[in-house]
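Visitor: Have a peek at input.cif (mmCIF, N, CA, C and O atoms and all ligand atoms).
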data_protein
#
loop_
_atom_site.label_atom_id
_atom_site.label_comp_id
_atom_site.auth_asym_id
_atom_site.auth_seq_id
_atom_site.Cartn_x
_atom_site.Cartn_y
_atom_site.Cartn_z
N MET A 102 -23.10 7.01 29.27
CA MET A 102 -21.70 6.92 28.84
C MET A 102 -21.44 5.53 28.26
O MET A 102 -21.71 4.54 28.91
N THR A 103 -20.97 5.48 26.99
CA THR A 103 -20.68 4.19 26.38
C THR A 103 -19.24 3.80 26.69
O THR A 103 -18.39 4.65 26.96
N LYS A 104 -19.01 2.49 26.63
CA LYS A 104 -17.63 2.02 26.85
C LYS A 104 -16.86 2.08 25.54
O LYS A 104 -17.44 2.07 24.45
N GLU A 105 -15.53 2.15 25.62
CA GLU A 105 -14.71 2.14 24.41
C GLU A 105 -14.71 0.72 23.85
O GLU A 105 -14.81 -0.25 24.61
N CYS A 106 -14.61 0.60 22.54
CA CYS A 106 -14.65 -0.72 21.90
C CYS A 106 -13.57 -1.62 22.50
O CYS A 106 -12.54 -1.15 22.95
N ASP A 107 -13.85 -2.97 22.47
CA ASP A 107 -12.92 -3.89 23.12
C ASP A 107 -11.76 -4.33 22.23
O ASP A 107 -10.78 -4.86 22.72
N CYS A 108 -11.90 -4.10 20.90
CA CYS A 108 -10.82 -4.45 19.97
C CYS A 108 -10.32 -5.87 20.23
O CYS A 108 -9.12 -6.10 20.32
N LEU A 109 -11.27 -6.82 20.32
CA LEU A 109 -10.92 -8.21 20.67
C LEU A 109 -9.97 -8.83 19.64
O LEU A 109 -8.94 -9.38 20.00
N ASN A 110 -10.33 -8.78 18.36
CA ASN A 110 -9.48 -9.35 17.31
C ASN A 110 -8.79 -8.25 16.50
O ASN A 110 -7.64 -8.40 16.11
N TRP A 111 -9.52 -7.22 16.17
CA TRP A 111 -8.95 -6.05 15.49
C TRP A 111 -9.80 -4.84 15.84
O TRP A 111 -10.97 -5.00 16.28
N CYS A 112 -9.26 -3.67 15.66
CA CYS A 112 -9.98 -2.45 16.01
C CYS A 112 -11.20 -2.32 15.09
O CYS A 112 -11.07 -2.43 13.87
N GLY A 113 -12.34 -2.12 15.69
CA GLY A 113 -13.58 -1.96 14.93
C GLY A 113 -14.41 -3.23 14.88
O GLY A 113 -15.49 -3.22 14.30
N ASP A 114 -13.94 -4.33 15.48
CA ASP A 114 -14.71 -5.58 15.40
C ASP A 114 -15.77 -5.71 16.50
O ASP A 114 -16.58 -6.63 16.47
N ASP A 115 -15.80 -4.80 17.43
CA ASP A 115 -16.76 -4.86 18.53
C ASP A 115 -18.18 -4.63 17.99
O ASP A 115 -18.48 -3.56 17.46
N PRO A 116 -19.09 -5.64 18.09
CA PRO A 116 -20.45 -5.47 17.57
C PRO A 116 -21.22 -4.33 18.26
O PRO A 116 -22.17 -3.80 17.68
N TRP A 117 -20.82 -3.96 19.44
CA TRP A 117 -21.50 -2.87 20.14
C TRP A 117 -21.28 -1.53 19.43
O TRP A 117 -22.01 -0.57 19.67
N LEU A 118 -20.26 -1.45 18.57
CA LEU A 118 -20.03 -0.20 17.81
C LEU A 118 -21.22 0.10 16.90
O LEU A 118 -21.57 1.25 16.70
N LYS A 119 -21.83 -0.98 16.37
CA LYS A 119 -22.93 -0.80 15.40
C LYS A 119 -24.17 -0.18 16.04
O LYS A 119 -24.88 0.60 15.40
N ASP A 120 -24.46 -0.54 17.29
CA ASP A 120 -25.69 -0.01 17.92
C ASP A 120 -25.39 1.12 18.91
O ASP A 120 -26.29 1.55 19.64
N GLY A 121 -24.14 1.57 18.94
CA GLY A 121 -23.83 2.74 19.74
C GLY A 121 -23.57 2.47 21.22
O GLY A 121 -23.42 3.41 22.00
N ARG A 122 -23.53 1.19 21.62
CA ARG A 122 -23.23 0.91 23.02
C ARG A 122 -21.74 1.05 23.32
O ARG A 122 -21.34 1.13 24.46
N ALA A 123 -20.92 1.06 22.25
CA ALA A 123 -19.48 1.28 22.44
C ALA A 123 -19.02 2.40 21.52
O ALA A 123 -19.64 2.65 20.48
N THR A 124 -17.97 3.07 21.91
CA THR A 124 -17.41 4.13 21.06
C THR A 124 -16.09 3.63 20.46
O THR A 124 -15.37 2.85 21.11
N PRO A 125 -15.77 4.04 19.25
CA PRO A 125 -14.53 3.58 18.63
C PRO A 125 -13.30 4.09 19.38
O PRO A 125 -13.29 5.23 19.86
N CYS A 126 -12.28 3.24 19.48
CA CYS A 126 -11.04 3.65 20.13
C CYS A 126 -10.28 4.59 19.20
O CYS A 126 -10.58 4.69 18.01
N LYS A 127 -9.27 5.26 19.74
CA LYS A 127 -8.49 6.22 18.95
C LYS A 127 -7.82 5.55 17.76
O LYS A 127 -7.81 6.09 16.65
N LYS A 128 -7.30 4.33 17.96
CA LYS A 128 -6.62 3.63 16.86
C LYS A 128 -7.59 3.36 15.71
O LYS A 128 -7.25 3.54 14.54
N PHE A 129 -8.83 2.95 16.04
CA PHE A 129 -9.84 2.68 15.01
C PHE A 129 -10.19 3.97 14.26
O PHE A 129 -10.28 3.99 13.03
N LEU A 130 -10.35 5.05 15.00
CA LEU A 130 -10.66 6.35 14.37
C LEU A 130 -9.51 6.78 13.46
O LEU A 130 -9.74 7.26 12.34
N ASP A 131 -8.27 6.59 13.94
CA ASP A 131 -7.10 6.94 13.13
C ASP A 131 -7.05 6.11 11.86
O ASP A 131 -6.74 6.62 10.78
N GLU A 132 -7.37 4.81 11.98
CA GLU A 132 -7.36 3.94 10.80
C GLU A 132 -8.43 4.37 9.80
O GLU A 132 -8.20 4.38 8.59
N GLN A 133 -9.61 4.73 10.30
CA GLN A 133 -10.69 5.19 9.41
C GLN A 133 -10.28 6.47 8.68
O GLN A 133 -10.54 6.61 7.49
N GLU A 134 -9.64 7.39 9.40
CA GLU A 134 -9.19 8.64 8.78
C GLU A 134 -8.12 8.36 7.74
O GLU A 134 -8.13 8.92 6.64
N ARG A 135 -7.17 7.46 8.07
CA ARG A 135 -6.12 7.09 7.12
C ARG A 135 -6.74 6.50 5.85
O ARG A 135 -6.35 6.84 4.74
N ASP A 136 -7.75 5.62 6.02
CA ASP A 136 -8.42 5.01 4.86
C ASP A 136 -9.14 6.08 4.03
O ASP A 136 -9.11 6.04 2.81
N ARG A 137 -9.80 7.04 4.73
CA ARG A 137 -10.53 8.10 4.02
C ARG A 137 -9.57 8.93 3.17
O ARG A 137 -9.84 9.21 2.00
N VAL A 138 -8.41 9.29 3.76
CA VAL A 138 -7.41 10.08 3.03
C VAL A 138 -6.87 9.28 1.84
O VAL A 138 -6.72 9.81 0.74
N LEU A 139 -6.61 7.99 2.06
CA LEU A 139 -6.09 7.13 0.99
C LEU A 139 -7.08 7.04 -0.17
O LEU A 139 -6.68 7.13 -1.34
N VAL A 140 -8.35 6.88 0.14
CA VAL A 140 -9.38 6.80 -0.91
C VAL A 140 -9.45 8.13 -1.68
O VAL A 140 -9.50 8.15 -2.90
N ALA A 141 -9.40 9.25 -0.94
CA ALA A 141 -9.45 10.57 -1.59
C ALA A 141 -8.23 10.78 -2.49
O ALA A 141 -8.36 11.28 -3.61
N GLN A 142 -7.05 10.38 -2.00
CA GLN A 142 -5.83 10.54 -2.80
C GLN A 142 -5.87 9.66 -4.04
O GLN A 142 -5.48 10.08 -5.13
N THR A 143 -6.36 8.44 -3.88
CA THR A 143 -6.47 7.52 -5.01
C THR A 143 -7.43 8.08 -6.06
O THR A 143 -7.14 8.05 -7.25
N GLN A 144 -8.56 8.62 -5.59
CA GLN A 144 -9.53 9.20 -6.52
C GLN A 144 -8.93 10.40 -7.26
O GLN A 144 -9.15 10.58 -8.46
N GLU A 145 -8.15 11.21 -6.54
CA GLU A 145 -7.51 12.37 -7.16
C GLU A 145 -6.56 11.93 -8.28
O GLU A 145 -6.55 12.49 -9.37
N ILE A 146 -5.78 10.88 -8.00
CA ILE A 146 -4.85 10.36 -9.01
C ILE A 146 -5.62 9.79 -10.20
O ILE A 146 -5.27 10.03 -11.36
N LEU A 147 -6.71 9.04 -9.92
CA LEU A 147 -7.51 8.48 -11.00
C LEU A 147 -8.13 9.58 -11.87
O LEU A 147 -8.16 9.46 -13.11
N ASP A 148 -8.59 10.66 -11.23
CA ASP A 148 -9.16 11.78 -11.99
C ASP A 148 -8.10 12.44 -12.88
O ASP A 148 -8.37 12.78 -14.03
N LEU A 149 -6.89 12.63 -12.32
CA LEU A 149 -5.80 13.21 -13.11
C LEU A 149 -5.46 12.32 -14.31
O LEU A 149 -5.24 12.81 -15.42
N CYS A 150 -5.40 11.02 -14.07
CA CYS A 150 -5.09 10.07 -15.15
C CYS A 150 -6.18 10.12 -16.21
O CYS A 150 -5.88 10.18 -17.41
N LYS A 151 -7.43 10.09 -15.78
CA LYS A 151 -8.54 10.10 -16.72
C LYS A 151 -8.51 11.35 -17.60
O LYS A 151 -8.72 11.28 -18.81
N ALA A 152 -8.21 12.51 -16.97
CA ALA A 152 -8.17 13.77 -17.71
C ALA A 152 -7.06 13.77 -18.77
O ALA A 152 -7.13 14.52 -19.74
N ARG A 153 -6.05 12.91 -18.57
CA ARG A 153 -4.94 12.85 -19.52
C ARG A 153 -4.99 11.60 -20.40
O ARG A 153 -4.02 11.27 -21.09
N GLY A 154 -6.09 10.88 -20.36
CA GLY A 154 -6.25 9.70 -21.20
C GLY A 154 -5.39 8.53 -20.77
O GLY A 154 -5.08 7.65 -21.57
N ILE A 155 -4.95 8.52 -19.51
CA ILE A 155 -4.12 7.44 -19.00
C ILE A 155 -5.04 6.36 -18.42
O ILE A 155 -5.78 6.61 -17.48
N GLU A 156 -4.97 5.16 -19.03
CA GLU A 156 -5.89 4.10 -18.61
C GLU A 156 -5.19 2.88 -18.04
O GLU A 156 -5.85 1.95 -17.59
N SER A 157 -3.85 2.86 -18.10
CA SER A 157 -3.13 1.68 -17.60
C SER A 157 -1.81 2.13 -16.98
O SER A 157 -1.39 3.27 -17.15
N THR A 158 -1.17 1.20 -16.27
CA THR A 158 0.14 1.48 -15.69
C THR A 158 1.14 1.81 -16.80
O THR A 158 1.97 2.70 -16.65
N TYR A 159 1.02 1.08 -17.92
CA TYR A 159 1.90 1.34 -19.06
C TYR A 159 1.74 2.78 -19.54
O TYR A 159 2.73 3.48 -19.75
N ASP A 160 0.47 3.21 -19.70
CA ASP A 160 0.22 4.59 -20.13
C ASP A 160 0.82 5.59 -19.14
O ASP A 160 1.38 6.61 -19.54
N LEU A 161 0.68 5.29 -17.84
CA LEU A 161 1.19 6.19 -16.80
C LEU A 161 2.71 6.30 -16.87
O LEU A 161 3.26 7.40 -16.86
N VAL A 162 3.39 5.15 -16.97
CA VAL A 162 4.86 5.16 -17.05
C VAL A 162 5.30 5.92 -18.30
O VAL A 162 6.22 6.74 -18.25
N LYS A 163 4.63 5.66 -19.43
CA LYS A 163 4.96 6.35 -20.68
C LYS A 163 4.80 7.87 -20.53
O LYS A 163 5.67 8.64 -20.94
N ALA A 164 3.68 8.29 -19.92
CA ALA A 164 3.43 9.72 -19.74
C ALA A 164 4.46 10.35 -18.81
O ALA A 164 4.94 11.46 -19.05
N LEU A 165 4.82 9.64 -17.74
CA LEU A 165 5.81 10.18 -16.80
C LEU A 165 7.20 10.28 -17.45
O LEU A 165 7.90 11.27 -17.26
N LEU A 166 7.57 9.26 -18.22
CA LEU A 166 8.87 9.30 -18.90
C LEU A 166 8.91 10.45 -19.91
O LEU A 166 9.93 11.13 -20.06
N LYS A 167 7.79 10.67 -20.61
CA LYS A 167 7.72 11.78 -21.56
C LYS A 167 7.89 13.10 -20.83
O LYS A 167 8.60 13.99 -21.28
N ARG A 168 7.22 13.24 -19.67
CA ARG A 168 7.31 14.48 -18.88
C ARG A 168 8.74 14.71 -18.40
O ARG A 168 9.25 15.83 -18.45
N VAL A 169 9.39 13.65 -17.95
CA VAL A 169 10.79 13.77 -17.51
C VAL A 169 11.66 14.21 -18.68
O VAL A 169 12.50 15.10 -18.54
N ALA A 170 11.46 13.60 -19.86
CA ALA A 170 12.24 13.97 -21.04
C ALA A 170 12.00 15.43 -21.40
O ALA A 170 12.95 16.16 -21.72
N ASP A 171 10.73 15.87 -21.34
CA ASP A 171 10.41 17.27 -21.64
C ASP A 171 11.10 18.22 -20.67
O ASP A 171 11.63 19.26 -21.06
N LEU A 172 11.08 17.86 -19.38
CA LEU A 172 11.72 18.72 -18.37
C LEU A 172 13.23 18.77 -18.57
O LEU A 172 13.85 19.83 -18.43
N GLU A 173 13.82 17.61 -18.91
CA GLU A 173 15.27 17.58 -19.17
C GLU A 173 15.60 18.47 -20.37
O GLU A 173 16.59 19.20 -20.35
N HIS A 174 14.75 18.41 -21.39
CA HIS A 174 14.97 19.23 -22.59
C HIS A 174 14.86 20.72 -22.23
O HIS A 174 15.71 21.52 -22.63
N GLU A 175 13.83 21.07 -21.45
CA GLU A 175 13.68 22.47 -21.01
C GLU A 175 14.88 22.93 -20.21
O GLU A 175 15.38 24.04 -20.37
N PHE A 176 15.36 22.05 -19.32
CA PHE A 176 16.52 22.39 -18.50
C PHE A 176 17.75 22.60 -19.38
O PHE A 176 18.48 23.58 -19.20
N ASP A 177 17.97 21.69 -20.33
CA ASP A 177 19.13 21.81 -21.23
C ASP A 177 19.08 23.13 -21.98
O ASP A 177 20.11 23.83 -22.09
N ARG A 178 17.90 23.48 -22.52
CA ARG A 178 17.76 24.74 -23.27
C ARG A 178 18.06 25.94 -22.37
O ARG A 178 18.81 26.84 -22.77
N ALA A 179 17.49 25.94 -21.17
CA ALA A 179 17.71 27.06 -20.25
C ALA A 179 19.18 27.15 -19.85
O ALA A 179 19.74 28.25 -19.76
N PHE A 180 19.82 26.00 -19.65
CA PHE A 180 21.22 26.00 -19.24
C PHE A 180 22.11 26.55 -20.37
O PHE A 180 23.01 27.37 -20.14
N LEU A 181 21.84 26.12 -21.60
CA LEU A 181 22.64 26.60 -22.73
C LEU A 181 22.44 28.10 -22.95
O LEU A 181 23.40 28.83 -23.23
N GLU A 182 21.20 28.57 -22.78
CA GLU A 182 20.93 30.01 -22.88
C GLU A 182 21.66 30.77 -21.78
O GLU A 182 22.24 31.83 -22.00
N TRP A 183 21.64 30.20 -20.57
CA TRP A 183 22.33 30.82 -19.43
C TRP A 183 23.83 30.92 -19.73
O TRP A 183 24.45 31.94 -19.47
N CYS A 184 24.39 29.85 -20.31
CA CYS A 184 25.81 29.86 -20.66
C CYS A 184 26.11 30.96 -21.68
O CYS A 184 27.09 31.71 -21.54
N ALA A 185 25.25 31.07 -22.71
CA ALA A 185 25.46 32.09 -23.74
C ALA A 185 25.36 33.49 -23.13
O ALA A 185 26.22 34.35 -23.38
N ASP A 186 24.34 33.71 -22.30
CA ASP A 186 24.17 35.02 -21.64
C ASP A 186 25.37 35.34 -20.76
O ASP A 186 25.85 36.48 -20.71
N ARG A 187 25.86 34.31 -20.07
CA ARG A 187 26.99 34.51 -19.17
C ARG A 187 28.24 34.93 -19.95
O ARG A 187 28.99 35.80 -19.51
N MET A 188 28.44 34.31 -21.10
CA MET A 188 29.59 34.66 -21.93
C MET A 188 29.51 36.13 -22.34
O MET A 188 30.51 36.85 -22.35
N VAL A 189 28.30 36.58 -22.67
CA VAL A 189 28.12 37.95 -23.16
C VAL A 189 28.18 38.95 -22.01
O VAL A 189 28.95 39.91 -22.05
N TYR A 190 27.37 38.73 -20.98
CA TYR A 190 27.22 39.76 -19.94
C TYR A 190 28.28 39.71 -18.84
O TYR A 190 28.63 40.74 -18.28
N VAL A 191 28.77 38.51 -18.55
CA VAL A 191 29.77 38.43 -17.48
C VAL A 191 31.18 38.57 -18.03
O VAL A 191 31.99 39.31 -17.49
N TYR A 192 31.45 37.88 -19.16
CA TYR A 192 32.82 37.90 -19.68
C TYR A 192 32.99 38.91 -20.80
O TYR A 192 34.07 39.06 -21.36
N GLY A 193 31.88 39.59 -21.18
CA GLY A 193 31.99 40.65 -22.17
C GLY A 193 32.23 40.15 -23.59
O GLY A 193 32.79 40.88 -24.42
N ALA A 194 31.79 38.92 -23.87
CA ALA A 194 31.99 38.39 -25.22
C ALA A 194 31.07 39.09 -26.20
O ALA A 194 29.99 39.56 -25.83
N ASP A 195 31.50 39.15 -27.46
CA ASP A 195 30.66 39.68 -28.53
C ASP A 195 29.46 38.73 -28.68
O ASP A 195 29.64 37.53 -28.85
N PRO A 196 28.22 39.28 -28.64
CA PRO A 196 27.05 38.39 -28.74
C PRO A 196 26.96 37.64 -30.08
O PRO A 196 26.20 36.70 -30.20
N HIS A 197 27.77 38.07 -31.07
CA HIS A 197 27.73 37.41 -32.37
C HIS A 197 28.95 36.53 -32.61
O HIS A 197 29.14 36.02 -33.71
N VAL A 198 29.78 36.36 -31.57
CA VAL A 198 30.96 35.52 -31.73
C VAL A 198 30.52 34.05 -31.84
O VAL A 198 29.46 33.67 -31.34
N ASP A 199 31.30 33.24 -32.55
CA ASP A 199 30.91 31.86 -32.87
C ASP A 199 30.41 31.04 -31.68
O ASP A 199 29.37 30.40 -31.77
N TYR A 200 31.18 31.02 -30.59
CA TYR A 200 30.79 30.10 -29.51
C TYR A 200 29.51 30.54 -28.82
O TYR A 200 28.74 29.72 -28.34
N VAL A 201 29.21 31.85 -28.81
CA VAL A 201 27.94 32.32 -28.23
C VAL A 201 26.78 31.91 -29.15
O VAL A 201 25.77 31.38 -28.70
N LEU A 202 26.97 32.11 -30.45
CA LEU A 202 25.94 31.72 -31.41
C LEU A 202 25.71 30.20 -31.37
O LEU A 202 24.58 29.73 -31.47
N LYS A 203 26.82 29.46 -31.22
CA LYS A 203 26.70 28.00 -31.18
C LYS A 203 25.90 27.57 -29.96
O LYS A 203 25.04 26.67 -30.04
N LEU A 204 26.15 28.21 -28.81
CA LEU A 204 25.38 27.88 -27.60
C LEU A 204 23.89 28.15 -27.83
O LEU A 204 23.04 27.35 -27.45
N ARG A 205 23.59 29.27 -28.49
CA ARG A 205 22.18 29.61 -28.74
C ARG A 205 21.56 28.64 -29.75
O ARG A 205 20.40 28.27 -29.62
N ARG A 206 22.34 28.22 -30.74
CA ARG A 206 21.83 27.22 -31.70
C ARG A 206 21.56 25.90 -30.99
O ARG A 206 20.53 25.27 -31.21
N MET A 207 22.48 25.50 -30.10
CA MET A 207 22.27 24.25 -29.34
C MET A 207 21.03 24.38 -28.46
O MET A 207 20.29 23.40 -28.28
N ALA A 208 20.80 25.57 -27.91
CA ALA A 208 19.61 25.77 -27.09
C ALA A 208 18.35 25.77 -27.94
O ALA A 208 17.26 25.50 -27.46
N GLY A 209 18.53 26.08 -29.22
CA GLY A 209 17.39 26.09 -30.13
C GLY A 209 16.49 27.29 -29.97
O GLY A 209 15.35 27.30 -30.41
N THR A 210 17.02 28.35 -29.33
CA THR A 210 16.19 29.51 -29.06
C THR A 210 16.40 30.61 -30.07
O THR A 210 15.45 31.17 -30.57
N ARG A 211 17.65 30.94 -30.33
CA ARG A 211 17.94 32.02 -31.29
C ARG A 211 18.96 31.51 -32.29
O ARG A 211 19.81 30.70 -31.95
N SER A 212 18.89 31.96 -33.51
CA SER A 212 19.85 31.48 -34.52
C SER A 212 21.15 32.23 -34.45
O SER A 212 21.26 33.24 -33.83
ZN ZN B 1 -9.03 -0.47 19.02
#
As structure tokens, what does this structure read like?
Ligand SMILES: [Zn+2]
Guide:
Amino acid sequence: MTKECDCLNWCGDDPWLKDGRATPCKKFLDEQERDRVLVAQTQEILDLCKARGIESTYDLVKALLKRVADLEHEFDRAFLEWCADRMVYVYGADPHVDYVLKLRRMAGTRS
């Protein structure tokens, strides 16, 4: 039976850990697992960036801002379409009446 590491200065500093005379304490094991997860997550992010040609923080911010703008645009289009549909189906408006057509033109979906 080995003794648990002494964690004299920091967890994992016990030289007996190297030759198996001591076993790592729970805190040291938890820290190692946290580091392993962090490395895996960092690698996942780096792989995603590489696949999209993102090589710097500037590129990343630019790509994220573009994505946000695209999502806002998609939301605006869907909202305007929803408004046009609502006018027609809920309020019984003529689908060819000016304000319904204008909503669809603003949405950019139908003329
Ligand atoms: Zn420890």
Visitor: Quick one, how far is atom N of Arg178 (chain A) from atom C of Leu161 (chain A)?
Guide: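 Going from atom N of Arg178 (chain A) over to atom C of Leu161 (chain A), I get 23.6 Å.
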Visitor: Show which residues sit within 12 Å of Asp107 (chain A), as a list in words. Count only C-alpha atoms, and ignore same-chain residues fewer than 3 positions away.
Guide: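 Near Asp107 (chain A), the qualifying residues are Thr103, Lys104, Asn110, Trp111, Cys112, Gly113, Asp114, Asp115, Pro116, Trp117, Leu118, Arg122, Ala123, Thr124, Pro125, Cys126, Lys127, Lys128 and Phe129 of chain A.
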Visitor: Could you pull out the strand (DSSP E) residues of chain A from DSSP and send them as a list in words?
Guide: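 Result set for chain A (strand (DSSP E)): Lys104, Glu105, Ala123 and Thr124 of chain A.
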Visitor: Tell me, which residues of region 135-212 of chain A carry DSSP alpha helix (DSSP H), written as a ChimeraX atom specification?
Guide: /A:135-152,158-190,199-208
Visitor: What gap, in Å, lies between atom O of Met188 (chain A) and atom N of Val201 (chain A)?
Guide: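 Calculated distance between atom O of Met188 (chain A) and atom N of Val201 (chain A) is 8.3 Å.
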Visitor: How many Å lie between atom C of Leu202 (chain A) and atom O of Ala185 (chain A), rounded to one decimal?
Guide: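 So the answer is 9.0 Å.
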Visitor: With a distance cut-off of 12 Å and only C-alpha atoms, select the neighbouring residues of Lys203 (chain A), excluding the residue or stretch itself and same-chain residues fewer than 4 positions from it, and output the selection as a PyMOL selection string.
Guide: chain A and resi 181-182+184-185+188+196-199+207-212
Visitor: Complete the atom set of region 202-210 of chain A to all heavy atoms and return it as an mmCIF file, in the frame of the given file.
Guide:
data_model
loop_
_atom_site.group_PDB
_atom_site.id
_atom_site.type_symbol
_atom_site.label_atom_id
_atom_site.label_comp_id
_atom_site.auth_asym_id
_atom_site.auth_seq_id
_atom_site.Cartn_x
_atom_site.Cartn_y
_atom_site.Cartn_z
ATOM 1 N N LEU A 202 26.970 32.110 -30.450
ATOM 2 C CA LEU A 202 25.940 31.720 -31.410
ATOM 3 C C LEU A 202 25.710 30.200 -31.370
ATOM 4 O O LEU A 202 24.580 29.730 -31.470
ATOM 5 C CB LEU A 202 26.325 32.165 -32.817
ATOM 6 C CG LEU A 202 26.353 33.685 -33.027
ATOM 7 C CD1 LEU A 202 26.852 34.015 -34.437
ATOM 8 C CD2 LEU A 202 24.986 34.298 -32.790
ATOM 9 N N LYS A 203 26.820 29.460 -31.220
ATOM 10 C CA LYS A 203 26.700 28.000 -31.180
ATOM 11 C C LYS A 203 25.900 27.570 -29.960
ATOM 12 O O LYS A 203 25.040 26.670 -30.040
ATOM 13 C CB LYS A 203 28.090 27.350 -31.180
ATOM 14 C CG LYS A 203 28.014 25.855 -31.312
ATOM 15 C CD LYS A 203 29.379 25.233 -31.513
ATOM 16 C CE LYS A 203 29.208 23.730 -31.705
ATOM 17 N NZ LYS A 203 30.469 23.049 -31.818
ATOM 18 N N LEU A 204 26.150 28.210 -28.810
ATOM 19 C CA LEU A 204 25.380 27.880 -27.600
ATOM 20 C C LEU A 204 23.890 28.150 -27.830
ATOM 21 O O LEU A 204 23.040 27.350 -27.450
ATOM 22 C CB LEU A 204 25.884 28.696 -26.403
ATOM 23 C CG LEU A 204 27.192 28.225 -25.776
ATOM 24 C CD1 LEU A 204 27.721 29.275 -24.797
ATOM 25 C CD2 LEU A 204 27.010 26.892 -25.077
ATOM 26 N N ARG A 205 23.590 29.270 -28.490
ATOM 27 C CA ARG A 205 22.180 29.610 -28.740
ATOM 28 C C ARG A 205 21.560 28.640 -29.750
ATOM 29 O O ARG A 205 20.400 28.270 -29.620
ATOM 30 C CB ARG A 205 22.062 31.049 -29.224
ATOM 31 C CG ARG A 205 22.559 32.063 -28.205
ATOM 32 C CD ARG A 205 21.782 33.336 -28.254
ATOM 33 N NE ARG A 205 22.422 34.400 -27.480
ATOM 34 C CZ ARG A 205 22.341 34.501 -26.157
ATOM 35 N NH1 ARG A 205 21.655 33.639 -25.467
ATOM 36 N NH2 ARG A 205 22.956 35.488 -25.524
ATOM 37 N N ARG A 206 22.340 28.220 -30.740
ATOM 38 C CA ARG A 206 21.830 27.220 -31.700
ATOM 39 C C ARG A 206 21.560 25.900 -30.990
ATOM 40 O O ARG A 206 20.530 25.270 -31.210
ATOM 41 C CB ARG A 206 22.848 26.997 -32.824
ATOM 42 C CG ARG A 206 22.623 27.882 -34.038
ATOM 43 C CD ARG A 206 23.363 27.373 -35.287
ATOM 44 N NE ARG A 206 24.782 27.115 -35.076
ATOM 45 C CZ ARG A 206 25.741 28.067 -35.087
ATOM 46 N NH1 ARG A 206 25.423 29.324 -35.303
ATOM 47 N NH2 ARG A 206 27.002 27.743 -34.892
ATOM 48 N N MET A 207 22.480 25.500 -30.100
ATOM 49 C CA MET A 207 22.270 24.250 -29.340
ATOM 50 C C MET A 207 21.030 24.380 -28.460
ATOM 51 O O MET A 207 20.290 23.400 -28.280
ATOM 52 C CB MET A 207 23.506 23.951 -28.476
ATOM 53 C CG MET A 207 24.707 23.511 -29.288
ATOM 54 S SD MET A 207 26.264 23.565 -28.355
ATOM 55 C CE MET A 207 25.953 22.399 -27.067
ATOM 56 N N ALA A 208 20.800 25.570 -27.910
ATOM 57 C CA ALA A 208 19.610 25.770 -27.090
ATOM 58 C C ALA A 208 18.350 25.770 -27.940
ATOM 59 O O ALA A 208 17.260 25.500 -27.460
ATOM 60 C CB ALA A 208 19.725 27.081 -26.307
ATOM 61 N N GLY A 209 18.530 26.080 -29.220
ATOM 62 C CA GLY A 209 17.390 26.090 -30.130
ATOM 63 C C GLY A 209 16.490 27.290 -29.970
ATOM 64 O O GLY A 209 15.350 27.300 -30.410
ATOM 65 N N THR A 210 17.020 28.350 -29.330
ATOM 66 C CA THR A 210 16.190 29.510 -29.060
ATOM 67 C C THR A 210 16.400 30.610 -30.070
ATOM 68 O O THR A 210 15.450 31.170 -30.570
ATOM 69 C CB THR A 210 16.447 30.055 -27.646
ATOM 70 O OG1 THR A 210 17.851 30.199 -27.465
ATOM 71 C CG2 THR A 210 15.882 29.113 -26.610
#
